[in-house]
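The structure under discussion appears below in the form of structure tokens.
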Amino acid sequence: MNENKRINVGVVGATGYTGLELVKMLVKHPFFHLAYIANSEGGTTINRLHPSLNGVCEDEVKKANIDEMASTCKLIFLALPHKTAMAYVKPLLEKGVKVVDLSADYRLPKDIYEAFYCPHTDSVNLEHVIYGLPELNREAIKSAKLVANPGCFPTSAILGLLPFMDKRSKKTPIIIDAKTGVSGAGKKLSEVTHFVNVNDNLFAYNPLMHRHAPEIANKLNVSFDEVNFVPHLVPVTRGMISSIYIQVTGNFDALEVLKEFYKNDVHIRISEKPVDMKNVAGTNFCDIYAQKRGNVLFITSSIDNLMRGASSQALVNANLMMGLDESVAIPDIAYVP
């Protein structure tokens, strides 16, 4: 594809961490042209919002305008909070623009969404959305007009669990003990994420009732009552690790099951030892390890919460939607010394 045929794309919600990560990848993308950057206010440039982009990308940040998006772009990334995103999706789709939505607005059936979030105003498109976990829905994503990018915790948990769901003892508890870096809370200031509170500290939040628990249950086709999910905030900037415990039946080699299940998935790495967060930082990889003892299976999976848990997974989805190889412009070297 030559420069004259590059595909115009846009990012709405450029102020946040996920917006920054999208811009960083898109400015180096050989087939996408970042033609539109917006937030709720406009009147600035992307490098003023994110000084790390000085000399790399200094484009104008506009106040989000649907008509301007539609006239400029073939695909839009919505890096917006829940409820805000759905106000953009319907008119963009009506104008023929493809959408990758990084919010929670289209990840769940309406009844589950409304029980954990807010009233939904776009029931029609909920019926046609594709859940953007490539390992689960790769072929459907290729023809999708709207993709709901998965949440960070669900990505880590679902990818760890999928290969073993047919070996799990039915109706037994799924226990997910997850840790995330502070960037997962976004840029908005709060007492919880205040340095004095987070530094040298570790704590659980929203235990057993976190909004990502029904997403995990829904995509694994189990009941909400079977998923026991407890997230923890740890004093690191980025990263996520899930330690998962399930009861299983039968004799099998857990690592061989993982290797066979993900043999065609380039962004899954099977580890021979328990995984850590550092080796996936800044990449789209999900590292997974599993170990069986008797009828208990321990699974641990690690992702970068801002990348595989948001922005790089969104770009993989966009690549697939536009007929490109899923790995184009996806970082694959971790931020390690």
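Naming scheme: A, B, ... for chains in displayed order of the structure tokens; residues 1 onward per chain; ligands 1 onward as shown.
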Open item on the list: Please identify the strand (DSSP E) residues within stretch 174-288 of chain A (assignment by DSSP from backbone atoms) and present them as a ChimeraX atom specification.
Closed with: /A:174-180,203-204,227-233,240-247,268-270,286-288
Near-A:Asp253 list (10 Å; only C-alpha atoms; drop same-chain fewer than 2 positions) as a short mmCIF file (atom, residue, chain, number, x, y, z; two decimals) with N, CA and C atoms, in the first residue's frame:
data_model
loop_
_atom_site.label_atom_id
_atom_site.label_comp_id
_atom_site.auth_asym_id
_atom_site.auth_seq_id
_atom_site.Cartn_x
_atom_site.Cartn_y
_atom_site.Cartn_z
N ASN A 251 -6.64 -36.48 33.28
CA ASN A 251 -5.19 -36.35 33.31
C ASN A 251 -4.71 -35.64 32.05
N LEU A 255 0.74 -27.43 30.30
CA LEU A 255 1.50 -26.62 29.34
C LEU A 255 1.26 -27.11 27.91
N GLU A 256 1.12 -28.41 27.73
CA GLU A 256 0.86 -28.94 26.38
C GLU A 256 -0.52 -28.52 25.90
N VAL A 257 -1.48 -28.45 26.81
CA VAL A 257 -2.82 -27.96 26.44
C VAL A 257 -2.73 -26.51 25.95
N LEU A 258 -2.00 -25.69 26.68
CA LEU A 258 -1.83 -24.29 26.29
C LEU A 258 -1.15 -24.17 24.92
N ALA A 290 0.68 -22.54 33.33
CA ALA A 290 -0.31 -23.33 34.08
C ALA A 290 0.38 -24.53 34.71
N GLN A 291 -0.14 -24.92 35.86
CA GLN A 291 0.41 -26.07 36.59
C GLN A 291 -0.73 -26.81 37.28
N LYS A 292 -0.73 -28.13 37.14
CA LYS A 292 -1.80 -28.96 37.70
C LYS A 292 -1.27 -29.77 38.87
#
Task: Selection: 9 Å around stretch 204-212 of chain A, only C-alpha atoms, excl. self and same-chain fewer than 5 positions, as number ranges by chain - done: A: 113, 116-117, 151-154, 179, 217, 227-233
Which stretch 81-188 of chain A residues have any atom within 8 Å of an atom of stretch 294-312 of chain A, and for each, what is the nearest pair of atoms with distance in Å to one decimal, counting only C-alpha atoms, rows sorted by chain and number, as a Markdown table?
| residue | atom | partner | partner_atom | distance |
| --- | --- | --- | --- | --- |
| A:Leu102 | CA | A:Ala310 | CA | 6.5 |
| A:Asn149 | CA | A:Ala310 | CA | 7.0 |
| A:Pro150 | CA | A:Gly309 | CA | 7.1 |
| A:Gly151 | CA | A:Gly309 | CA | 6.0 |
| A:Cys152 | CA | A:Gly309 | CA | 3.7 |
| A:Phe153 | CA | A:Gly309 | CA | 7.2 |
| A:Thr155 | CA | A:Gly309 | CA | 6.3 |
| A:Ser156 | CA | A:Ser301 | CA | 5.9 |
| A:Ala157 | CA | A:Ser301 | CA | 7.1 |
| A:Leu159 | CA | A:Ser301 | CA | 7.7 |
| A:Gly160 | CA | A:Ser301 | CA | 5.8 |
| A:Leu161 | CA | A:Ile299 | CA | 7.5 |
| A:Thr180 | CA | A:Asn305 | CA | 7.3 |
| A:Gly181 | CA | A:Asn305 | CA | 7.6 |
| A:Ser183 | CA | A:Leu306 | CA | 7.5 |
| A:Gly184 | CA | A:Asn305 | CA | 6.5 |
DSSP-assigned alpha helix (DSSP H) among stretch 114-177 of chain A, expressed as a short mmCIF file (atom, residue, chain, number, x, y, z; two decimals) with N, CA and C atoms, in the first residue's frame:
data_model
loop_
_atom_site.label_atom_id
_atom_site.label_comp_id
_atom_site.auth_asym_id
_atom_site.auth_seq_id
_atom_site.Cartn_x
_atom_site.Cartn_y
_atom_site.Cartn_z
N GLU A 114 -26.63 -2.90 31.95
CA GLU A 114 -27.40 -1.95 32.75
C GLU A 114 -27.36 -2.29 34.24
N ALA A 115 -27.16 -3.56 34.57
CA ALA A 115 -27.07 -3.94 35.97
C ALA A 115 -25.77 -3.45 36.61
N PHE A 116 -24.71 -3.27 35.80
CA PHE A 116 -23.42 -2.92 36.35
C PHE A 116 -22.93 -1.53 35.93
N SER A 123 -29.49 -0.04 21.68
CA SER A 123 -29.75 -1.49 21.69
C SER A 123 -29.51 -2.13 20.33
N VAL A 124 -29.77 -1.40 19.27
CA VAL A 124 -29.65 -1.96 17.92
C VAL A 124 -28.24 -2.45 17.65
N ASN A 125 -27.25 -1.61 17.94
CA ASN A 125 -25.87 -1.98 17.64
C ASN A 125 -25.30 -3.00 18.62
N LEU A 126 -25.93 -3.13 19.78
CA LEU A 126 -25.53 -4.21 20.69
C LEU A 126 -25.77 -5.58 20.06
N PRO A 134 -9.13 -11.28 19.69
CA PRO A 134 -8.80 -11.96 18.42
C PRO A 134 -8.71 -13.47 18.54
N GLU A 135 -8.20 -13.97 19.65
CA GLU A 135 -8.07 -15.41 19.82
C GLU A 135 -9.43 -16.12 19.89
N LEU A 136 -10.46 -15.36 20.16
CA LEU A 136 -11.81 -15.90 20.26
C LEU A 136 -12.64 -15.63 19.01
N ASN A 137 -12.44 -14.44 18.40
CA ASN A 137 -13.34 -13.98 17.33
C ASN A 137 -12.61 -13.44 16.10
N ARG A 138 -11.43 -13.96 15.81
CA ARG A 138 -10.61 -13.36 14.75
C ARG A 138 -11.36 -13.24 13.41
N GLU A 139 -11.99 -14.28 12.96
CA GLU A 139 -12.64 -14.24 11.65
C GLU A 139 -13.82 -13.26 11.64
N ALA A 140 -14.58 -13.21 12.72
CA ALA A 140 -15.71 -12.29 12.79
C ALA A 140 -15.24 -10.84 12.82
N ILE A 141 -14.12 -10.59 13.47
CA ILE A 141 -13.58 -9.23 13.55
C ILE A 141 -13.24 -8.71 12.15
N LYS A 142 -12.79 -9.57 11.29
CA LYS A 142 -12.37 -9.15 9.94
C LYS A 142 -13.51 -8.48 9.16
N CYS A 152 -9.31 -4.88 30.40
CA CYS A 152 -7.97 -5.39 30.69
C CYS A 152 -8.01 -6.65 31.55
N PHE A 153 -8.75 -6.61 32.67
CA PHE A 153 -8.86 -7.80 33.51
C PHE A 153 -9.49 -8.98 32.76
N PRO A 154 -10.59 -8.76 32.02
CA PRO A 154 -11.15 -9.88 31.26
C PRO A 154 -10.18 -10.46 30.24
N THR A 155 -9.40 -9.62 29.57
CA THR A 155 -8.43 -10.13 28.61
C THR A 155 -7.47 -11.10 29.27
N SER A 156 -6.90 -10.69 30.37
CA SER A 156 -5.95 -11.54 31.08
C SER A 156 -6.59 -12.82 31.58
N ALA A 157 -7.77 -12.70 32.18
CA ALA A 157 -8.43 -13.87 32.77
C ALA A 157 -8.96 -14.82 31.70
N ILE A 158 -9.64 -14.28 30.69
CA ILE A 158 -10.25 -15.13 29.66
C ILE A 158 -9.18 -15.91 28.88
N LEU A 159 -8.10 -15.23 28.51
CA LEU A 159 -7.05 -15.91 27.76
C LEU A 159 -6.42 -17.03 28.58
N GLY A 160 -6.30 -16.84 29.89
CA GLY A 160 -5.79 -17.90 30.73
C GLY A 160 -6.73 -19.08 30.84
N LEU A 161 -8.02 -18.80 30.91
CA LEU A 161 -9.02 -19.84 31.17
C LEU A 161 -9.50 -20.59 29.93
#
Open item on the list: I want to know what sits within 6 Å of stretch 192-202 of chain A, based on only C-alpha atoms, with residues of the same chain fewer than 2 positions away left out; could you give that as an NGL selection string?
Closed with: :A and (190 or 233-235)
For the residues in that selection, give me C-alpha atoms as a PDB file, in the first residue's frame.
ATOM      1  CA  SER A 190      -8.506  10.354  43.301  1.00  0.00           C
ATOM      2  CA  LEU A 233      -3.971  -2.262  43.062  1.00  0.00           C
ATOM      3  CA  VAL A 234      -0.197  -2.541  43.247  1.00  0.00           C
ATOM      4  CA  PRO A 235       2.375   0.290  43.332  1.00  0.00           C
TER       5      PRO A 235
END
Excluding same-chain residues fewer than 3 positions from A:Ser143, what lies within 12 Å of it counting only C-alpha atoms, as a CSV table (one decimal) with C-alpha atoms, in the first residue's frame?
chain,number,residue,atom,x,y,z
A,98,LYS,CA,-16.0,1.7,11.4
A,128,HIS,CA,-24.3,-6.6,15.9
A,129,VAL,CA,-21.1,-5.8,17.8
A,130,ILE,CA,-18.2,-8.2,17.8
A,132,GLY,CA,-12.7,-7.9,20.1
A,137,ASN,CA,-13.3,-14.0,17.3
A,138,ARG,CA,-10.6,-13.4,14.8
A,139,GLU,CA,-12.6,-14.2,11.6
A,140,ALA,CA,-15.7,-12.3,12.8
A,146,LEU,CA,-18.1,-2.2,15.3
A,147,VAL,CA,-15.7,-4.0,17.7
A,317,ASN,CA,-8.7,-5.3,15.9
A,318,ALA,CA,-8.4,-2.3,13.5
A,319,ASN,CA,-5.8,-4.1,11.5
A,320,LEU,CA,-8.1,-7.1,11.1
A,321,MET,CA,-11.1,-4.9,10.3
A,322,MET,CA,-9.2,-3.1,7.5
A,323,GLY,CA,-7.8,-6.3,5.9
A,324,LEU,CA,-4.3,-6.0,7.3
Open item on the list: Just want the 7 Å neighbourhood of A:Phe77, counted on only C-alpha atoms, with same-chain residues fewer than 4 positions away dropped. Output as a list of chain:residue names.
Closed with: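 Contacts, with the query itself left out: A:Gly10, A:Val11, A:Val12, A:Val99, A:Val100, A:Asp101.
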